[in-house]
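One structure is given below, encoded as structure tokens.
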Amino acid sequence: MRDFEVPGHEVLELLGYGATGEVWRARRGVELVVLRRLAAADREALAEVRRQATVVRSLSTRHLIRLKTITRAQGDEVLVLDHAPCGSMEALLAARGTLTPGEVVTVLAPLAEALGLAHAHDLRHRRLRASRVLLSADGMPLLDGLGLDPLHDPEDSLDPTGVLGPTADVWALGALGHRMLTGADPGHDPDLPATTPRPLADALRRALDPDPVARPSATDLAALLLSSCPATALTGLPEPARLPAPAPRQLPRTIPKPLIVTAAAVTALLAVIGVGWTWGARSAPATASVGQVRTDWVQVVTDLDRTRAAAFRAADPATLAQVYRQGSELLHLDVAAIADLRARHATARGLGHKVLAAAPTTTTRDRVELAVREALSAYALVDARGRVLERHTASPVQQVVMVLLHTPSGWRVDDIRPSVLEGTGQR
């Protein structure tokens, strides 16, 4: 029975108990989050966690679970963190036993790169183990716990030599790699399988060297791993945890009128679907920042639009959090449209925009306004059996102004409005 309530969140279920207290899954707006309830938290430790969280958010990697905010509920401090939909490496190993060498590279190399960035900013993990490696829906490894070290005993280290510096994290990476290949910790079974490629075995042995000085840095270990053998995608992942469908009584009776109609022939629900003009599930490429003159804005916008299309194709509103700025009007409109689709047991197939041009007109460090020429593609609403309920034709080419904001997770749509050229005959 759930007796934990957090303002602004719908607490869904207890996931378990961590070193700092209870861990819950919750809904916040249109996204899933994880809540860590701290039964007893030192004020100075929390202040340091806030400081480190700022540093963690600045690291240029997608392979970290990040702290969103710290709130208070029922007398306890509560950490609000990113949610990983496919659970932990601990659970995957429990189901599979071991991984292939290529899968080990897929997991360890990006974690080593992320820790290299953290070490350069004087951050340590100190508690890296299989339970702290979480998995995204597509099997991307996400390191949990970076920046939360102040909440733990500083003497609690996984390094058997007792060293607490960056080399302890490198040893933990080596130990994790050993376990993924053998199913056992290195102390219990020091030998790797004979089928392990020699370069991979050598990289792990170097990471596990009893002499901390002899170990490579986390960044160097990442390079050794990437060159050891080809990386391969993880298999055997569980079904991703998804945002629960809203209760029927929560579904709107009518869909609100969008502020901008991007397809004049689409009305009611279809007007909301056509107006979204948003992108971000695959997010913008990590290299696409405002300060880079070679940014391919057509590709940025196209990738974001594909993400939005995936949300409507699966009738999954959680995906929209990867497209829009949280709280934006366009996000609310698309969420309402997907709720209506769910009520009708339908999805939208073929929905998307053809992006013909996208040029920046105004830019700052983390904001860009784009002049975008696009056309809405033809699409259909289909039921659960794949039967077509409605067909809708493509729209003419039009120009809009799209405002994108750069976030730690990539580009997000903030606003879309008609171009001043609209209605003048110019294209």
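Chain labels run A, B, ... following the order of the structure tokens; each chain numbers its residues from 1, and ligands are numbered from 1 in the order shown.
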Write out as a compact mmCIF listing (two decimals) with N, CA and C atoms, in the first residue's frame each polymer residue whose atoms come within 7 Å of stretch 220-235 of chain A, counting only C-alpha atoms; drop sequence neighbours fewer than 3 positions from it.
```
# COMPACT_ATOMS: atom_id res chain seq x y z
N GLY A 102 31.67 -8.11 -27.11
CA GLY A 102 31.19 -6.90 -27.77
C GLY A 102 30.20 -6.12 -26.93
N GLU A 103 29.36 -6.81 -26.18
CA GLU A 103 28.41 -6.15 -25.29
C GLU A 103 29.14 -5.47 -24.13
N VAL A 105 32.07 -4.15 -24.23
CA VAL A 105 32.61 -2.89 -24.76
C VAL A 105 31.51 -1.84 -24.86
N THR A 106 30.33 -2.25 -25.32
CA THR A 106 29.20 -1.33 -25.44
C THR A 106 28.86 -0.69 -24.11
N ALA A 109 32.83 1.09 -22.30
CA ALA A 109 33.54 2.21 -22.95
C ALA A 109 32.87 3.56 -22.69
N PRO A 110 31.54 3.70 -22.90
CA PRO A 110 30.93 5.00 -22.61
C PRO A 110 30.95 5.36 -21.13
N ALA A 112 33.38 4.57 -19.08
CA ALA A 112 34.75 5.04 -18.84
C ALA A 112 34.93 6.47 -19.36
N GLU A 113 34.36 6.76 -20.52
CA GLU A 113 34.44 8.12 -21.05
C GLU A 113 33.74 9.11 -20.12
N GLY A 139 19.08 0.20 -24.73
CA GLY A 139 20.27 -0.48 -24.22
C GLY A 139 21.47 0.40 -24.00
N PRO A 197 38.68 -11.70 -26.35
CA PRO A 197 39.76 -11.14 -27.19
C PRO A 197 40.90 -10.62 -26.32
N PRO A 199 43.09 -8.16 -26.54
CA PRO A 199 43.13 -6.73 -26.19
C PRO A 199 42.12 -6.36 -25.10
N LEU A 200 40.93 -6.98 -25.12
CA LEU A 200 39.94 -6.70 -24.08
C LEU A 200 40.41 -7.24 -22.74
N ALA A 203 43.06 -4.95 -21.37
CA ALA A 203 42.51 -3.69 -20.85
C ALA A 203 41.93 -3.88 -19.46
N PRO A 216 45.38 2.53 -16.01
CA PRO A 216 45.16 3.64 -16.94
C PRO A 216 44.14 4.61 -16.36
N SER A 217 44.11 5.81 -16.91
CA SER A 217 43.05 6.74 -16.53
C SER A 217 41.74 6.22 -17.12
```
| request: Extract, using only C-alpha atoms, all DNA, RNA and protein residues at most 7 Å from stretch 41-46 of chain A, discarding same-chain residues fewer than 3 positions from it, and format them as a list of chain:residue names. | output: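 Those residues are A:Leu38, A:Val49, A:Arg50, A:Pro150, A:Leu151.
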| Looking at A:Ile416, A:Val301, A:Leu341, A:Val170, which one is nearest to A:Gly116, with distances taken over only C-alpha atoms? | A:Val170
| message | Which residues are close to A:Pro240, i.e. within 12 Å by only C-alpha atoms, leaving aside same-chain residues fewer than 6 positions away? Reply as a ChimeraX atom specification. | response | /A:32,83-88,134-139,318
Put those residues in a file: N, CA and C atoms, as an mmCIF file, in the first residue's frame.
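Listed below is the output, part-v7.cif:
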```
data_model
loop_
_atom_site.group_PDB
_atom_site.id
_atom_site.type_symbol
_atom_site.label_atom_id
_atom_site.label_comp_id
_atom_site.auth_asym_id
_atom_site.auth_seq_id
_atom_site.Cartn_x
_atom_site.Cartn_y
_atom_site.Cartn_z
ATOM 1 N N LEU A 32 8.479 9.922 -16.685
ATOM 2 C CA LEU A 32 8.745 9.105 -15.517
ATOM 3 C C LEU A 32 10.021 9.596 -14.854
ATOM 4 N N HIS A 83 14.874 8.778 -15.018
ATOM 5 C CA HIS A 83 14.378 7.410 -14.978
ATOM 6 C C HIS A 83 15.023 6.589 -16.091
ATOM 7 N N ALA A 84 15.422 5.356 -15.767
ATOM 8 C CA ALA A 84 15.978 4.438 -16.768
ATOM 9 C C ALA A 84 14.953 3.334 -17.020
ATOM 10 N N PRO A 85 14.379 3.257 -18.211
ATOM 11 C CA PRO A 85 13.229 2.371 -18.434
ATOM 12 C C PRO A 85 13.530 0.884 -18.471
ATOM 13 N N CYS A 86 14.800 0.489 -18.663
ATOM 14 C CA CYS A 86 15.101 -0.940 -18.786
ATOM 15 C C CYS A 86 15.864 -1.507 -17.593
ATOM 16 N N GLY A 87 15.744 -0.872 -16.450
ATOM 17 C CA GLY A 87 16.312 -1.451 -15.241
ATOM 18 C C GLY A 87 17.818 -1.352 -15.157
ATOM 19 N N SER A 88 18.437 -2.278 -14.437
ATOM 20 C CA SER A 88 19.863 -2.205 -14.132
ATOM 21 C C SER A 88 20.644 -3.350 -14.767
ATOM 22 N N LEU A 134 22.501 1.622 -15.127
ATOM 23 C CA LEU A 134 21.123 1.489 -15.567
ATOM 24 C C LEU A 134 21.070 1.503 -17.089
ATOM 25 N N LEU A 135 19.919 1.140 -17.641
ATOM 26 C CA LEU A 135 19.818 0.944 -19.083
ATOM 27 C C LEU A 135 18.644 1.723 -19.667
ATOM 28 N N SER A 136 18.907 2.394 -20.770
ATOM 29 C CA SER A 136 17.855 3.117 -21.480
ATOM 30 C C SER A 136 17.032 2.131 -22.295
ATOM 31 N N ALA A 137 16.000 2.617 -22.944
ATOM 32 C CA ALA A 137 15.113 1.752 -23.723
ATOM 33 C C ALA A 137 15.838 1.065 -24.873
ATOM 34 N N ASP A 138 16.910 1.702 -25.390
ATOM 35 C CA ASP A 138 17.658 1.097 -26.493
ATOM 36 C C ASP A 138 18.966 0.462 -26.030
ATOM 37 N N GLY A 139 19.083 0.204 -24.727
ATOM 38 C CA GLY A 139 20.267 -0.482 -24.221
ATOM 39 C C GLY A 139 21.474 0.399 -24.003
ATOM 40 N N ALA A 318 5.103 9.879 -23.055
ATOM 41 C CA ALA A 318 6.382 10.039 -22.370
ATOM 42 C C ALA A 318 7.481 10.458 -23.341
#
```
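Of the residues under consideration (A:Leu331, A:Val30, A:Leu176, A:Val355), A:Leu176 shows the shortest atom-to-atom contact distance to A:Glu90 when counting only C-alpha atoms.
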| stretch 69-101 of chain A: which residues are helix (DSSP H, G or I) by DSSP, as a VMD selection string? | chain A and resid 89 to 96 101
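In this comparison, which uses only C-alpha atoms, the residue of A:Gln299, A:Thr219, A:Ser58, A:Thr100 approaching A:Ala114 most closely is A:Thr219.
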List the spatial neighbours of A:Arg179 as a tab-separated table (two decimals) with C-alpha atoms, in the first residue's frame - criterion: any atom at most 12 Å away, only C-alpha atoms, same-chain residues fewer than 2 positions off excluded.
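File result11.tsv, as written:
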```
chain	number	residue	atom	x	y	z
A	89	MET	CA	22.84	-4.23	-15.29
A	90	GLU	CA	22.44	-6.20	-12.07
A	93	LEU	CA	23.13	-10.23	-15.40
A	94	ALA	CA	20.75	-12.05	-13.08
A	96	ARG	CA	21.54	-13.77	-18.56
A	97	GLY	CA	24.53	-14.68	-16.41
A	98	THR	CA	27.21	-13.19	-18.69
A	99	LEU	CA	27.56	-10.87	-21.68
A	100	THR	CA	29.55	-11.20	-24.88
A	101	PRO	CA	32.84	-9.30	-25.31
A	104	VAL	CA	30.98	-5.52	-22.55
A	108	LEU	CA	32.08	-0.15	-20.33
A	129	ARG	CA	28.86	-1.68	-9.48
A	130	ALA	CA	26.34	-3.50	-11.64
A	172	ALA	CA	35.53	-0.73	-10.37
A	173	LEU	CA	35.16	-0.57	-14.17
A	174	GLY	CA	37.59	-3.44	-14.52
A	175	ALA	CA	35.73	-5.44	-11.86
A	176	LEU	CA	32.42	-4.82	-13.61
A	177	GLY	CA	33.87	-5.93	-16.95
A	181	LEU	CA	32.32	-11.76	-18.85
A	182	THR	CA	32.53	-14.42	-16.14
A	183	GLY	CA	29.50	-13.95	-13.89
A	184	ALA	CA	31.82	-13.57	-10.89
A	185	ASP	CA	33.87	-10.86	-9.20
A	186	PRO	CA	37.61	-10.89	-10.00
A	187	GLY	CA	38.53	-11.97	-6.46
A	188	HIS	CA	36.46	-15.15	-6.75
A	189	ASP	CA	37.43	-16.08	-10.31
A	190	PRO	CA	40.52	-14.21	-11.56
A	191	ASP	CA	40.59	-15.89	-14.98
A	192	LEU	CA	38.68	-14.59	-17.98
A	193	PRO	CA	37.06	-16.93	-20.54
A	204	LEU	CA	40.60	-5.23	-17.94
```
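Across A:Arg72, A:His9, A:Arg417, A:Arg391, the tightest approach to A:Ser377 is made by A:Arg391 when counting only C-alpha atoms.
Residues of stretch 46-240 of chain A that DSSP places in strand (DSSP E), based on the backbone of this structure, are A:Leu67, A:Lys68, A:Thr69, A:Ile70, A:Thr71, A:Arg72, A:Ala73, A:Asp76, A:Glu77, A:Val78, A:Leu79, A:Val80, A:Leu81, A:Asp82, A:Val133, A:Leu134, A:Leu135, A:Pro141, A:Leu142, A:Leu143.
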| query | Do you know which residues are at most 10 Å from A:Gly386 counting only C-alpha atoms, after dropping those on the same chain fewer than 3 positions away, and could you put them as a ChimeraX atom specification? | reply | /A:346-347,349,381-383,389
Go ahead and save the residues from that selection, with N, CA and C atoms, as a short mmCIF file (atom, residue, chain, number, x, y, z; two decimals), in the first residue's frame.
```
data_model
loop_
_atom_site.label_atom_id
_atom_site.label_comp_id
_atom_site.auth_asym_id
_atom_site.auth_seq_id
_atom_site.Cartn_x
_atom_site.Cartn_y
_atom_site.Cartn_z
N ALA A 346 -6.30 4.09 -30.74
CA ALA A 346 -5.76 4.35 -32.08
C ALA A 346 -4.35 4.91 -31.98
N THR A 347 -3.65 4.86 -33.10
CA THR A 347 -2.34 5.49 -33.23
C THR A 347 -2.29 6.21 -34.57
N ARG A 349 -0.13 6.80 -37.95
CA ARG A 349 0.95 6.27 -38.77
C ARG A 349 1.24 7.20 -39.93
N LEU A 381 -4.94 7.47 -39.21
CA LEU A 381 -5.23 6.98 -37.87
C LEU A 381 -5.67 5.53 -38.01
N VAL A 382 -5.03 4.64 -37.23
CA VAL A 382 -5.35 3.22 -37.32
C VAL A 382 -5.71 2.69 -35.94
N ASP A 383 -6.53 1.63 -35.91
CA ASP A 383 -6.92 1.06 -34.63
C ASP A 383 -5.92 -0.02 -34.22
N LEU A 389 -8.76 4.11 -39.72
CA LEU A 389 -9.96 4.82 -39.29
C LEU A 389 -10.17 6.11 -40.08
#
```
| query | Using only C-alpha atoms, which residue out of A:Gln74, A:Arg66, A:Arg124, A:Asp211 lies closest to A:Asp144? | reply |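 Residue with the minimum atom-to-atom distance to A:Asp144: A:Arg66.
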| task | Calculate how many Å separate atom CA of A:Arg365 from atom CA of A:Leu304, rounding to one decimal. | result |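 Between atom CA of A:Arg365 and atom CA of A:Leu304 the gap is 19.7 Å.
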| task | Would you work out the distance separating atom CA of A:Met402 from atom CA of A:Asp415, expressed in Å to one decimal? | result |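 For atom CA of A:Met402 relative to atom CA of A:Asp415, the distance reads 6.0 Å.
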| message | Given only C-alpha atoms as the basis, pick out the residue of A:Leu370, A:Leu404, A:Val163, A:Ile65 nearest to A:Val323. | response |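 Residue with the minimum atom-to-atom distance to A:Val323: A:Leu404.
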| request: One decimal, Å: what's the distance from atom CA of A:Pro210 over to atom CA of A:Leu128, could you say? | output: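 Value for the atom CA of A:Pro210-atom CA of A:Leu128 distance: 17.6 Å.
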